[in-house]
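Enquirer: Input structure: data_22.tsv, which contains TSV, C-alpha atoms.
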chain	number	residue	atom	x	y	z
I	1	MET	CA	-175.11	-2.51	150.14
I	2	PHE	CA	-177.39	0.47	149.57
I	3	TRP	CA	-179.67	0.64	146.57
I	4	ARG	CA	-182.64	2.53	145.24
I	5	GLU	CA	-184.72	1.39	142.31
I	6	LEU	CA	-184.27	3.93	139.56
I	7	ALA	CA	-187.40	5.53	138.18
I	8	ILE	CA	-186.48	5.01	134.54
I	9	GLU	CA	-187.95	2.58	132.07
I	10	THR	CA	-184.77	1.38	130.37
I	11	LEU	CA	-181.20	1.08	131.52
I	12	PRO	CA	-178.66	-0.13	128.95
I	13	TRP	CA	-175.82	-0.84	131.36
I	14	LEU	CA	-175.50	-1.28	135.13
I	15	ALA	CA	-172.55	-1.99	137.42
I	16	VAL	CA	-173.41	-3.37	140.86
I	17	CYS	CA	-171.01	-2.32	143.63
I	18	SER	CA	-170.98	-3.26	147.30
I	19	GLY	CA	-168.69	-3.41	150.30
I	20	PHE	CA	-167.09	-6.25	152.23
I	21	ARG	CA	-170.39	-7.39	153.74
I	22	SER	CA	-172.20	-7.65	150.46
I	23	HIS	CA	-175.27	-9.36	151.91
I	24	VAL	CA	-176.06	-6.43	154.24
I	25	GLY	CA	-178.78	-4.38	152.59
I	26	SER	CA	-179.51	-6.93	149.89
I	27	SER	CA	-183.14	-7.96	149.56
I	28	THR	CA	-185.63	-9.86	147.46
I	29	ALA	CA	-186.76	-6.53	146.03
I	30	LEU	CA	-183.22	-5.84	144.79
I	31	TYR	CA	-182.98	-9.27	143.17
I	32	ARG	CA	-186.35	-8.80	141.46
I	33	TRP	CA	-185.23	-5.42	140.13
I	34	LEU	CA	-182.02	-6.88	138.73
I	35	ALA	CA	-183.96	-9.74	137.13
I	36	ARG	CA	-186.33	-7.25	135.53
I	37	LEU	CA	-183.40	-5.28	134.11
I	38	ASP	CA	-182.01	-8.51	132.70
I	39	ARG	CA	-185.33	-9.24	130.96
I	40	GLN	CA	-185.04	-5.78	129.42
I	41	ALA	CA	-181.63	-6.74	127.97
I	42	THR	CA	-179.63	-4.54	130.33
I	43	THR	CA	-175.93	-5.42	130.42
I	44	LEU	CA	-175.20	-6.26	134.06
I	45	GLY	CA	-171.90	-6.48	135.86
I	46	GLY	CA	-170.33	-6.69	139.28
I	47	ILE	CA	-167.49	-4.64	140.72
I	48	ASP	CA	-165.81	-7.02	143.18
I	49	THR	CA	-168.49	-8.16	145.68
I	50	GLY	CA	-171.27	-6.74	143.51
I	51	CYS	CA	-171.24	-10.19	141.93
I	52	PHE	CA	-172.88	-11.59	145.09
I	53	ALA	CA	-176.13	-9.72	144.42
I	54	LEU	CA	-176.18	-10.77	140.76
I	55	ALA	CA	-175.54	-14.39	141.72
I	56	GLU	CA	-178.27	-14.31	144.38
I	57	ALA	CA	-180.63	-13.08	141.68
I	58	GLY	CA	-179.72	-16.11	139.57
I	59	LEU	CA	-178.17	-13.97	136.85
I	60	LEU	CA	-174.68	-15.47	136.83
I	61	ASP	CA	-175.38	-19.20	136.52
I	62	GLY	CA	-173.09	-20.68	133.90
I	63	GLN	CA	-171.09	-17.45	133.66
I	64	VAL	CA	-167.38	-16.86	134.29
I	65	VAL	CA	-166.79	-14.01	136.75
I	66	THR	CA	-164.04	-12.63	138.93
I	67	LEU	CA	-163.92	-10.93	142.32
I	68	HIS	CA	-161.19	-9.67	144.59
I	69	TRP	CA	-159.04	-12.60	145.69
I	70	GLU	CA	-160.20	-12.20	149.33
I	71	SER	CA	-163.83	-12.69	148.28
I	72	LEU	CA	-163.33	-15.61	145.90
I	73	PRO	CA	-163.39	-18.46	148.45
I	74	ALA	CA	-166.71	-17.36	149.97
I	75	PHE	CA	-168.25	-16.77	146.55
I	76	ARG	CA	-167.14	-20.17	145.21
I	77	GLU	CA	-168.57	-22.01	148.19
I	78	ARG	CA	-171.87	-20.16	147.96
I	79	PHE	CA	-172.46	-20.23	144.19
I	80	SER	CA	-171.33	-23.51	142.70
I	81	ALA	CA	-173.20	-22.84	139.42
I	82	VAL	CA	-170.94	-19.86	138.69
I	83	THR	CA	-167.32	-20.22	137.60
I	84	ALA	CA	-165.28	-17.73	139.64
I	85	VAL	CA	-161.69	-17.20	138.53
I	86	GLU	CA	-158.83	-15.09	139.84
I	87	SER	CA	-158.39	-12.71	136.93
I	88	LEU	CA	-158.49	-8.93	136.83
I	89	TYR	CA	-161.71	-8.73	134.84
I	90	GLU	CA	-164.07	-10.83	132.75
I	91	THR	CA	-166.40	-9.73	129.98
I	92	GLY	CA	-169.02	-11.73	128.16
I	93	ASP	CA	-172.44	-11.55	126.55
I	94	ARG	CA	-174.27	-8.87	128.61
I	95	ARG	CA	-172.14	-9.65	131.66
I	96	PHE	CA	-168.94	-8.21	133.07
I	97	SER	CA	-167.05	-8.35	136.34
I	98	CYS	CA	-163.80	-7.17	137.81
I	99	ALA	CA	-161.74	-7.60	140.96
I	100	GLY	CA	-162.26	-4.01	142.05
I	101	GLY	CA	-159.64	-1.33	142.64
I	102	MET	CA	-157.51	-0.56	139.60
I	103	ALA	CA	-158.93	-3.62	137.81
I	104	ALA	CA	-162.05	-1.54	137.10
I	105	THR	CA	-159.85	0.95	135.24
I	106	ASP	CA	-158.22	-1.84	133.24
I	107	MET	CA	-161.64	-3.19	132.29
I	108	MET	CA	-162.89	0.26	131.31
I	109	LEU	CA	-159.86	0.90	129.10
I	110	ALA	CA	-160.34	-2.46	127.40
I	111	ASP	CA	-163.96	-1.55	126.68
I	112	ILE	CA	-162.93	1.83	125.25
I	113	ARG	CA	-160.32	0.12	123.10
I	114	GLN	CA	-162.87	-2.35	121.75
I	115	ARG	CA	-165.54	0.27	121.05
I	116	HIS	CA	-163.46	3.26	119.95
I	117	GLY	CA	-159.95	2.08	119.15
I	118	ALA	CA	-156.52	1.93	120.73
I	119	ALA	CA	-155.73	5.62	120.26
I	120	LEU	CA	-158.60	6.83	122.43
I	121	ALA	CA	-157.92	4.14	125.04
I	122	ALA	CA	-154.28	5.27	125.21
I	123	ALA	CA	-155.30	8.92	125.54
I	124	VAL	CA	-157.69	8.11	128.41
I	125	ALA	CA	-155.01	6.01	130.10
I	126	GLU	CA	-152.59	8.94	129.94
I	127	GLN	CA	-155.15	11.26	131.50
I	128	LEU	CA	-155.57	8.74	134.33
I	129	ILE	CA	-151.78	8.39	134.69
I	130	HIS	CA	-152.28	4.68	134.07
I	131	ALA	CA	-149.21	3.79	132.05
I	132	ARG	CA	-150.00	0.17	131.27
I	133	ALA	CA	-153.47	-1.30	130.96
I	134	ARG	CA	-153.28	-4.89	132.13
I	135	VAL	CA	-154.84	-7.84	130.33
I	136	PRO	CA	-157.68	-9.82	131.98
I	137	ASP	CA	-155.59	-12.81	133.08
I	138	SER	CA	-152.91	-10.73	134.80
I	139	ARG	CA	-152.25	-11.88	138.34
I	140	GLN	CA	-154.29	-10.13	141.05
I	141	ARG	CA	-151.77	-10.75	143.80
I	142	ARG	CA	-148.02	-10.47	143.87
I	143	SER	CA	-146.21	-13.77	143.50
I	144	LEU	CA	-145.39	-15.76	146.64
I	145	VAL	CA	-141.73	-14.88	146.16
I	146	GLU	CA	-142.64	-11.20	146.35
I	147	ARG	CA	-145.10	-11.57	149.22
I	148	LEU	CA	-142.72	-13.70	151.28
I	149	ASN	CA	-139.67	-11.67	150.24
I	150	SER	CA	-137.85	-14.95	149.78
I	151	HIS	CA	-136.66	-17.09	146.90
I	152	ASP	CA	-136.29	-20.17	149.12
I	153	PRO	CA	-138.04	-22.89	147.10
I	154	VAL	CA	-138.81	-24.89	150.24
I	155	LEU	CA	-140.63	-21.95	151.85
I	156	VAL	CA	-142.47	-20.96	148.65
I	157	ARG	CA	-143.62	-24.52	147.98
I	158	ALA	CA	-144.72	-25.03	151.58
I	159	VAL	CA	-146.77	-21.81	151.71
I	160	ALA	CA	-148.33	-22.60	148.33
I	161	LEU	CA	-149.45	-25.96	149.73
I	162	MET	CA	-150.87	-24.29	152.81
I	163	GLU	CA	-152.82	-21.71	150.81
I	164	SER	CA	-154.36	-24.44	148.64
I	165	HIS	CA	-155.31	-26.66	151.60
I	166	ILE	CA	-157.21	-24.42	154.01
I	167	GLU	CA	-160.30	-26.59	154.45
I	168	SER	CA	-158.33	-29.81	154.89
I	169	PRO	CA	-155.00	-28.79	156.45
I	170	LEU	CA	-151.93	-30.86	155.67
I	171	SER	CA	-149.61	-32.09	158.39
I	172	LEU	CA	-146.07	-30.76	158.57
I	173	ALA	CA	-144.82	-34.21	157.54
I	174	GLU	CA	-147.01	-34.17	154.42
I	175	ILE	CA	-146.00	-30.61	153.52
I	176	ALA	CA	-142.35	-31.58	153.88
I	177	ARG	CA	-142.83	-34.70	151.76
I	178	ARG	CA	-144.49	-32.73	148.95
I	179	ALA	CA	-141.81	-30.05	149.16
I	180	GLY	CA	-139.12	-32.70	148.89
I	181	ARG	CA	-137.46	-31.83	152.19
I	182	SER	CA	-137.44	-32.98	155.80
I	183	PRO	CA	-139.83	-31.47	158.37
I	184	ARG	CA	-136.83	-29.93	160.10
I	185	ALA	CA	-135.72	-28.26	156.87
I	186	VAL	CA	-139.20	-26.77	156.44
I	187	GLU	CA	-139.15	-25.47	160.00
I	188	ARG	CA	-135.74	-23.85	159.45
I	189	ALA	CA	-136.98	-22.17	156.26
I	190	PHE	CA	-139.97	-20.62	158.07
I	191	GLN	CA	-137.89	-19.43	161.02
I	192	ALA	CA	-135.24	-17.90	158.77
I	193	ALA	CA	-137.65	-16.03	156.47
I	194	LEU	CA	-140.77	-15.39	158.57
I	195	GLY	CA	-139.60	-15.75	162.15
I	196	CYS	CA	-142.33	-18.25	163.01
I	197	SER	CA	-143.09	-21.94	162.83
I	198	PRO	CA	-144.91	-23.52	159.88
I	199	GLY	CA	-147.84	-24.23	162.19
I	200	ALA	CA	-148.13	-20.60	163.25
I	201	HIS	CA	-148.11	-19.38	159.64
I	202	TYR	CA	-150.66	-22.02	158.62
I	203	ARG	CA	-152.94	-21.02	161.49
I	204	ALA	CA	-152.68	-17.35	160.49
I	205	LEU	CA	-153.74	-18.22	156.93
I	206	ARG	CA	-156.74	-20.19	158.18
I	207	LEU	CA	-157.80	-17.41	160.55
I	208	ALA	CA	-157.49	-14.86	157.75
I	209	ARG	CA	-159.83	-17.00	155.66
I	210	ALA	CA	-162.21	-17.21	158.62
I	211	ARG	CA	-162.29	-13.41	158.90
I	212	ASP	CA	-163.06	-13.15	155.19
I	213	LEU	CA	-166.00	-15.55	155.58
I	214	LEU	CA	-167.26	-13.82	158.73
I	215	ARG	CA	-167.16	-10.47	156.95
I	216	ALA	CA	-168.50	-11.46	153.54
I	217	THR	CA	-171.12	-14.10	154.38
I	218	ASP	CA	-173.80	-14.93	156.91
I	219	ARG	CA	-172.72	-18.57	157.15
I	220	SER	CA	-172.95	-20.32	160.50
I	221	MET	CA	-169.97	-20.73	162.81
I	222	THR	CA	-170.03	-24.46	162.13
I	223	ASP	CA	-169.77	-23.94	158.38
I	224	ILE	CA	-166.96	-21.42	158.75
I	225	ALA	CA	-165.08	-23.61	161.20
I	226	LEU	CA	-165.14	-26.56	158.80
I	227	ALA	CA	-164.29	-24.38	155.79
I	228	CYS	CA	-161.17	-23.20	157.60
I	229	GLY	CA	-159.99	-26.62	158.73
I	230	PHE	CA	-161.14	-26.62	162.35
I	231	SER	CA	-162.59	-29.82	163.76
I	232	SER	CA	-165.45	-28.10	165.61
I	233	PRO	CA	-167.02	-24.68	166.23
I	234	ALA	CA	-165.71	-24.80	169.81
I	235	ARG	CA	-162.14	-25.38	168.62
I	236	PHE	CA	-162.49	-22.62	166.02
I	237	SER	CA	-163.88	-20.15	168.58
I	238	ARG	CA	-161.10	-20.92	171.06
I	239	VAL	CA	-158.29	-20.50	168.53
I	240	PHE	CA	-159.88	-17.37	167.02
I	241	LYS	CA	-160.29	-15.72	170.43
I	242	ASN	CA	-156.75	-16.61	171.50
I	243	HIS	CA	-155.26	-14.93	168.44
I	244	VAL	CA	-157.73	-12.14	167.60
I	245	GLY	CA	-158.82	-11.20	171.11
I	246	VAL	CA	-162.56	-11.74	170.75
I	247	ALA	CA	-164.83	-14.63	169.80
I	248	PRO	CA	-165.70	-14.90	166.09
I	249	SER	CA	-169.36	-14.04	166.73
I	250	ALA	CA	-168.35	-10.85	168.55
I	251	TRP	CA	-165.86	-9.98	165.81
I	252	ARG	CA	-168.59	-10.37	163.19
I	253	ARG	CA	-170.96	-8.10	165.12
I	254	ALA	CA	-168.26	-5.46	165.55
I	255	ASP	CA	-167.51	-5.58	161.83
I	256	GLN	CA	-171.15	-4.93	160.90
I	257	PRO	CA	-171.76	-1.41	159.56
I	258	ALA	CA	-173.62	0.85	161.93
I	259	LYS	CA	-177.35	0.89	161.30
I	260	LYS	CA	-178.92	4.25	160.61
Go ahead and express the file in the form of structure tokens.
Expert:
Amino acid sequence: MFWRELAIETLPWLAVCSGFRSHVGSSTALYRWLARLDRQATTLGGIDTGCFALAEAGLLDGQVVTLHWESLPAFRERFSAVTAVESLYETGDRRFSCAGGMAATDMMLADIRQRHGAALAAAVAEQLIHARARVPDSRQRRSLVERLNSHDPVLVRAVALMESHIESPLSLAEIARRAGRSPRAVERAFQAALGCSPGAHYRALRLARARDLLRATDRSMTDIALACGFSSPARFSRVFKNHVGVAPSAWRRADQPAKK
């Protein structure tokens, strides 16, 4: 994150934007500046990971916000006093947030509609070639059926269970029981649709979460290992290196933006 304190006395509205590693470049001075703007009644909002800086400044406690779905797990674990939901955008009293990407356009069009009417919002949408402005609670991600390219209810239910149990992984037997099928039936479903075993897909999901946490937070390897369902940092490092090619600490360093 790069920022420069603006040399103006009042600022009615500010959107905070940042990249994947939102904590890089953040500072106490930035948080103090944001807090001062808040005391001046500035409306503050976060575009995707911009919410991290606002939360660090203590300006989102008790608020409902949204971020990109990849950033939500790290944000939720770090800021328990903030309610983070998987919507496209959220607006409230002097606060706003969106999931980034086209969600920022949807939020902007909703604001135009509220302030200036539907006709102007529609005209702006046409200029942006944005045929349909989505409502806040529209799904960020495609459905599992779309992402998996399969309507197999066994596969869809099993993957849904895996995605909701990253920190405390379920056994194949438990996944099969909750899906209402035998472990062998679950294995056949994964091989037929994804060409891999349930264990391999589950491990890929957990490693993807680990990469998100390595990129978006400065949490310790122990914390990340436990958050992704690994019994120890050593086990996490071994599995990560076997599948990614480098140790998680080296991957994090390589992902850091170059210092100027």
Enquirer: Just to confirm, what's the straight-line distance from CA of Glu56 (chain I) to CA of Trp33 (chain I) in Å (one decimal)?
Expert: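 For CA of Glu56 (chain I) relative to CA of Trp33 (chain I), the distance reads 12.1 Å.
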Enquirer: Please list as a list in words every residue within 10 Å of Arg78 (chain I), counting only C-alpha atoms and excluding residues in the same chain fewer than 6 positions away.
Expert: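 Returned residues: Phe52, Ala55, Glu56, Leu72, Thr217 and Arg219 of chain I.
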Enquirer: For the residues selected in the previous step, produce a file with C-alpha atoms as an mmCIF file, in the frame of the given file.
Expert:
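The file below, out_29.cif, is the result:
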data_model
loop_
_atom_site.group_PDB
_atom_site.id
_atom_site.type_symbol
_atom_site.label_atom_id
_atom_site.label_comp_id
_atom_site.auth_asym_id
_atom_site.auth_seq_id
_atom_site.Cartn_x
_atom_site.Cartn_y
_atom_site.Cartn_z
ATOM 1 C CA PHE I 52 -172.880 -11.590 145.090
ATOM 2 C CA ALA I 55 -175.540 -14.390 141.720
ATOM 3 C CA GLU I 56 -178.270 -14.310 144.380
ATOM 4 C CA LEU I 72 -163.330 -15.610 145.900
ATOM 5 C CA THR I 217 -171.120 -14.100 154.380
ATOM 6 C CA ARG I 219 -172.720 -18.570 157.150
#
Enquirer: So, counting all atoms listed in the file, which residue among I:Leu67, I:Ala200, I:Ala254, I:Ala192 is closest to Glu90 (chain I)?
Expert: I:Leu67
Enquirer: Between I:Arg177, I:Arg134, I:Arg115, I:Arg203, which one has atoms that come closest to Arg157 (chain I), using all atoms listed in the file?
Expert: I:Arg177
Enquirer: Can you work out which one of I:Arg188, I:Arg206, I:His243, I:Arg253 has the shortest atom-to-atom distance to Ser168 (chain I), counting all atoms listed in the file?
Expert: I:Arg206
Enquirer: To one decimal place, how far is CA of Trp251 (chain I) from CA of Pro73 (chain I) in Å?
Expert: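 Separation between CA of Trp251 (chain I) and CA of Pro73 (chain I): 19.5 Å.
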